[in-house]
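A.B. asks: Pasting a structure here, questions to come.
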Amino acid sequence: MGDEYPSLLRSEQMSLVQLFVPTEVAHDTVSELGELGNVQFKDLNPSVNPFQRSFVTEIRRIDEMGRRVRFFSTQIAKEKDVVPIRRLYESAPLITVGPRAAQTIDELDTTLAEHEQRLTKMNESYQTLSERTKELIEARHVLRETAVFFEKARGHQTDIRSSFDDSVTPLLQDDHEGGFTPATGVQFDLEFVAGTIERSRMPTFERVLWRVLRGNLFMNHTDIAEPFVDSTTGAEVRKDVFIIFAHGDALLAKIRKVAESMGATLYPIDPNADKRAESLREVTNRLEDLQTVLYNTGLNRRSELAKIGESLRSWQDVVRKEKMIYETLNLFNYDVRRKTLIAEGWVPTRDITTIQLALRSATEGSGTSVPPILHELTTQRTPPTFHRTNKFTEGYQTIMDSYGISAYQEVNPGLFAIITFPFLFAVMFGDIGHGSIIFLAALYMILAEKKMAKADLGEIIGQFFYGRYIILLMGLFSMYTGLMYNDIFSKTLHIWTSAWSFPESNGTVTATLTDHRYPFGLDPGWHGADNALVFTNSYKMKMSIVLGVIHMTFALCLQVPNHIKFKRYSDLYTNFIPQILFLQSIFGYLVICILYKWSIDWSKATAQPPSLLNMLISMFLSPGAVDPALQLYRGQGKVQLLLLMIAGICVPWLLITKPYLAWKEMHKTQGQGYMTIGHGEGTASDMPPHTPGISLEDEEEGNGQAMLQAADEEGEHHDFGEVVIHQVIHTIEFCLGCISHTASYLRLWALSLAHAQLSEVLWSMTIAGFLGPTSIFGWIALLIMGGVWFSLTVGILCVMEGLSAFLHALRLHWVEANSKHFEGGGHAFAPLSFANQEVKE
């Protein structure tokens with residue numbers, strides 16, 4: 001029944017299959033199996049270099065197509081205005097299987113090459129035009145700024161030369177040499193250099209020129225207001241216009257060399273004002289024409305990108321699938337004699353029929369009459385671990401798989417985590433209001449999951465969406481534990497009548513217990529009491545110990561089905577029984593004492609309630625001796641002495657029995673005359689011609705190779721010393737772990753207490769002082785503080801505290817529970833699947 005109806009309790013039964021695939025149908029067969037997504041292929045050419053395999057040429061071609069597709073995607077991403085990209089499910093699919101598959105790939109390759117060629121030419125043209133436009137804009141700014149400078153010079157010509165006899169005179173010695181006279185309309189015949197340079201380099205440029213020319217220059221510069229955009233990188237560059245006057249060709253040559261070395265751009269500017277004005281008009285006209293051409297080129301480029309965007313996702317999908325197909329075909333072995341490809345792989349046993357139907361479908365679709373042949377191989381190799389999940393169980397299984405992949409057919413802790421994980425979370429997060437918030441958030445994500453699954457949610461929101469079913473149960477369980485704690489936003493619910501009455505006497509109120517009891521959860525009478533924190537502390541601390549021991553006991557009991565399944569019956573009495581006795585004789589006894597202490601009405605008892613912590617300590621320090629004043633029940637000393645003896649016996653039991661059985665088995669084997677491989681002196685010629693116990697027919701069909709590989713993999717041998725060391729470590733780890741792990745469950749109490757206190761503080765510091773408004777301003781203040789309180793509740797108590805409780809629940813499952821039974825060491829089932837691969841381009 002277990003094979004016919006597999007469940008999440010164990011990983012699925014796997015089979016090693018062999019495929020004989022005709023070369024003409026190989027591509028379509030792998031494509032069909034990739035769509036099915038339940039075959040994990042083995043590499044049958046492990047010694048062959050990746051560049052020497054059969055389908056290297058096809059992979060290189062697909063890689064080149066992928067490079068072009070990535071180029072298109074990069075170009076679209078660089079656009080300032082968003083270029084619409086049609087989604088994959090809205091695009092027409094490209095048929096890459098069947099008789100026309102090769103033609104479709106050829107056409108796609110040609111289409112991608114044409115688009116790349118056109119887009120590259122457009123990019124080069126656009127970049128050239130952009131550079132020319134930038135040069136013309138710079139030239140226009142230089143012409144304008146030099147004109148402004150000369151105009152200012154004319155306006156201040158009387159200030160330039162105030163004395164001919166002053167020892168501090170300008171660079172030019174007379175008015176004639178200066179090129180101007182007091183009359184209007186004077187022409188400048190000065191020698192100068194003009195251009196543009198990056199603004200950040202301007203101070204350095206000035207200092208270098210001053211030192212090189214020893215101050216024999218006159219320089220003016222001004223900022224260009226508008227930034228220049230680099231057409232290649234898209235970065236903004238700020239520039240300045242400069243004009244430098246100097247005397248002599250040697251100085252001008254030095255200025256030009258320094259300017260060019262610092263990345264400046266020089267422009268030839270005529271000193272004649274009329275020629276400058278003519279140049280400015282010419283540059284302006286050319287710039288207008290160039291900008292028109294640049295605009296049209298940009299429109300054509302954008303229309304080309306828009307056309308590419310309509311099919312980009314479809315191309316990405318085809319390229320991704322084709323590369324996966326040919327990489328998988330490279331894992332196959334080519335049989336020259338049969339002219340077929342031979343493949344081996346792991347499949348779920350119950351999916352073999354579905355795979356055979358897929359093979360038949362691939363054969364019919366390709367138009368050939370020779371179908372691939374599939375048959376199961378007999379092997380002793382360890383299969384991969386595969387847990388078949390749905391969207392509800394996937395999140396829980398992922399949490400457990402993050403700790404480690406369970407061994408093949410081992411009991412799967414992910415099944416039990418569906419209940420235990422949200423429950424332990426809820427113990428720490430118990431609040432009806434906060435649980436309702438995260439429950440409603442998860443419910444919304446579930447109801448809108450089809451819409452949200454298609455949207456780009458980002459990394460953080462995507463993680464929450466992935467775990468929506470975990471959050472749903474966490475919210476549901478939190479509401480249940482909130483009812484148990486009688487806590488809703490730090491307030492209580494008076495659903496039933498309290499068991500406490502509060503008569504007032506002498507100004508103090510002392511609660512009196514009545515005859516009836518509060519039927520469910522914590523009595524609301526405790527809320528607001530002076531000793532409420534003392535009571536809830538004690539209650540939640542003991543509850544966390546009880547839940548922790550129950551959880552560890554359950555996890556320890558999961559060893560039993562593993563030992564029975566793998567026929568390790570000796571482990572039942574060498575590991576499981578001493579471990580369960582050790583745990584229960586100490587901490588199971590503590591849990592029984594807690595429950596017994598809760599069941600006694602200490603108000604009517606003659607003795608005071610004993611401290612269970614001190615009782616547990618005294619149990620080890622003074623075995624069998626119990627103070628009568630602190631005795632919990634009659635015969636307590638003898639019971640504790642017996643339990644302590646059982647715990648003491650379990651330690652050597654764990655330490656000795658398994659190594660003794662291994663030693664006994666080893667001597668029994670050697671007594672029969674057998675020894676391990678390698679102890680003999682035989683040569684290679686003494687070896688049998690084929691694997692013993694395997695028929696020649698099996699070797700012909702591939703079973704021999706599979707069994708030889710299995711023998712190599714399963715040949716791991718543990719000697720007696722390794723068994724002893726492993727058992728010593730295991731015993732120490734378990735005995736110490738029982739103590740530390742039980743203490744670790746106190747985090748349930750600590751986080752629950754912190755959550756309740758933080759909720760109460762948040763209420764009292766925000767909204768509590770604004771309740772009961774009597775004016776319009778009071779109502780406004782109440783609305784504002786209500787919004788602040790709700791925002792902080794969601795952000796701090798639901799998100800931050802929720803993540804904290806999530807991580808603590810995760811640790812309790814990974815460390816405290818899984819260490820009691822989890823074997824691990826498996827490898828995950830990784831089938832060829834197109835469905836789970838996202839388009840990353």
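Scheme for the structure tokens: letters A, B, ... for chains in order shown; per-chain residue numbers from 1; ligand numbers from 1 in order shown.
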If we count only C-alpha atoms, what is near stretch 584-598 of chain A at a cut-off of 9 Å, once residues fewer than 2 positions away on the same chain are taken out, given as a ChimeraX atom specification?
C.D. replies: /A:542-543,545-546,549-550,553,579-582,600-602,609-610,612-613,616,632,640,642-644,646-647,738-739,742
A.B. asks: Considering only C-alpha atoms, return as a PyMOL selection string whatever protein or nucleic-acid residues lie within 7 Å of A:Gly395, sequence-local ones (same chain, fewer than 2 positions apart) excluded.
C.D. replies: chain A and resi 392-393+397-399+466-467+470
A.B. asks: Please run DSSP on the backbone and report, as a ChimeraX atom specification, all residues within stretch 217-355 of chain A that come out as strand (DSSP E or B).
C.D. replies: /A:218-223,228-229,236-237,239-245,265-267,333-335,340-348
A.B. asks: List the neighbours of stretch 335-339 of chain A out to 10 Å using only C-alpha atoms; skip same-chain residues closer than 4 positions along the sequence, and give me the result as a ChimeraX atom specification.
C.D. replies: /A:20-23
A.B. asks: Within 12 Å of A:Leu359, counting only C-alpha atoms, which residues show up once you throw out same-chain ones fewer than 4 positions away? Write them as a PyMOL selection string, please.
C.D. replies: chain A and resi 19-22+25-36+352-355+363-366+368-374
A.B. asks: Here is a test: counting only C-alpha atoms, which residue of A:Lys321, A:Pro659, A:Thr669, A:Asp487 is nearest to A:Ser570?
C.D. replies: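 The shortest atom-to-atom distance to A:Ser570 comes from A:Pro659.
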A.B. asks: Give me the residues within 10 Å of A:Ile577 as an MDAnalysis selection string, counting only C-alpha atoms and dropping any in the same chain fewer than 4 places off.
C.D. replies: chainID A and resid 556:557 560 571:573 581:582 650 653:654
A.B. asks: If I take atom CA of A:Glu760 and atom CA of A:Ile419, how far is one from the other in Å, to one decimal?
C.D. replies: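 Those two atoms sit 28.6 Å apart.
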A.B. asks: Would you work out the distance separating atom CA of A:Ala259 from atom CA of A:Phe205, expressed in Å to one decimal?
C.D. replies: 7.5 Å
A.B. asks: Taking only C-alpha atoms into account, name the residue in A:Ala277, A:Met552, A:Ile224, A:Leu213 that is nearest to A:Gly248.
C.D. replies: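 Using only C-alpha atoms, A:Gly248 sits closest to A:Leu213.
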A.B. asks: Just the alpha helix (DSSP H) stuff from stretch 450-683 of chain A, please, per backbone DSSP, written as an MDAnalysis selection string.
C.D. replies: chainID A and resid 450:454 458:466 468:485 532:557 559:565 570:571 577:583 589:599 612:621 636:671
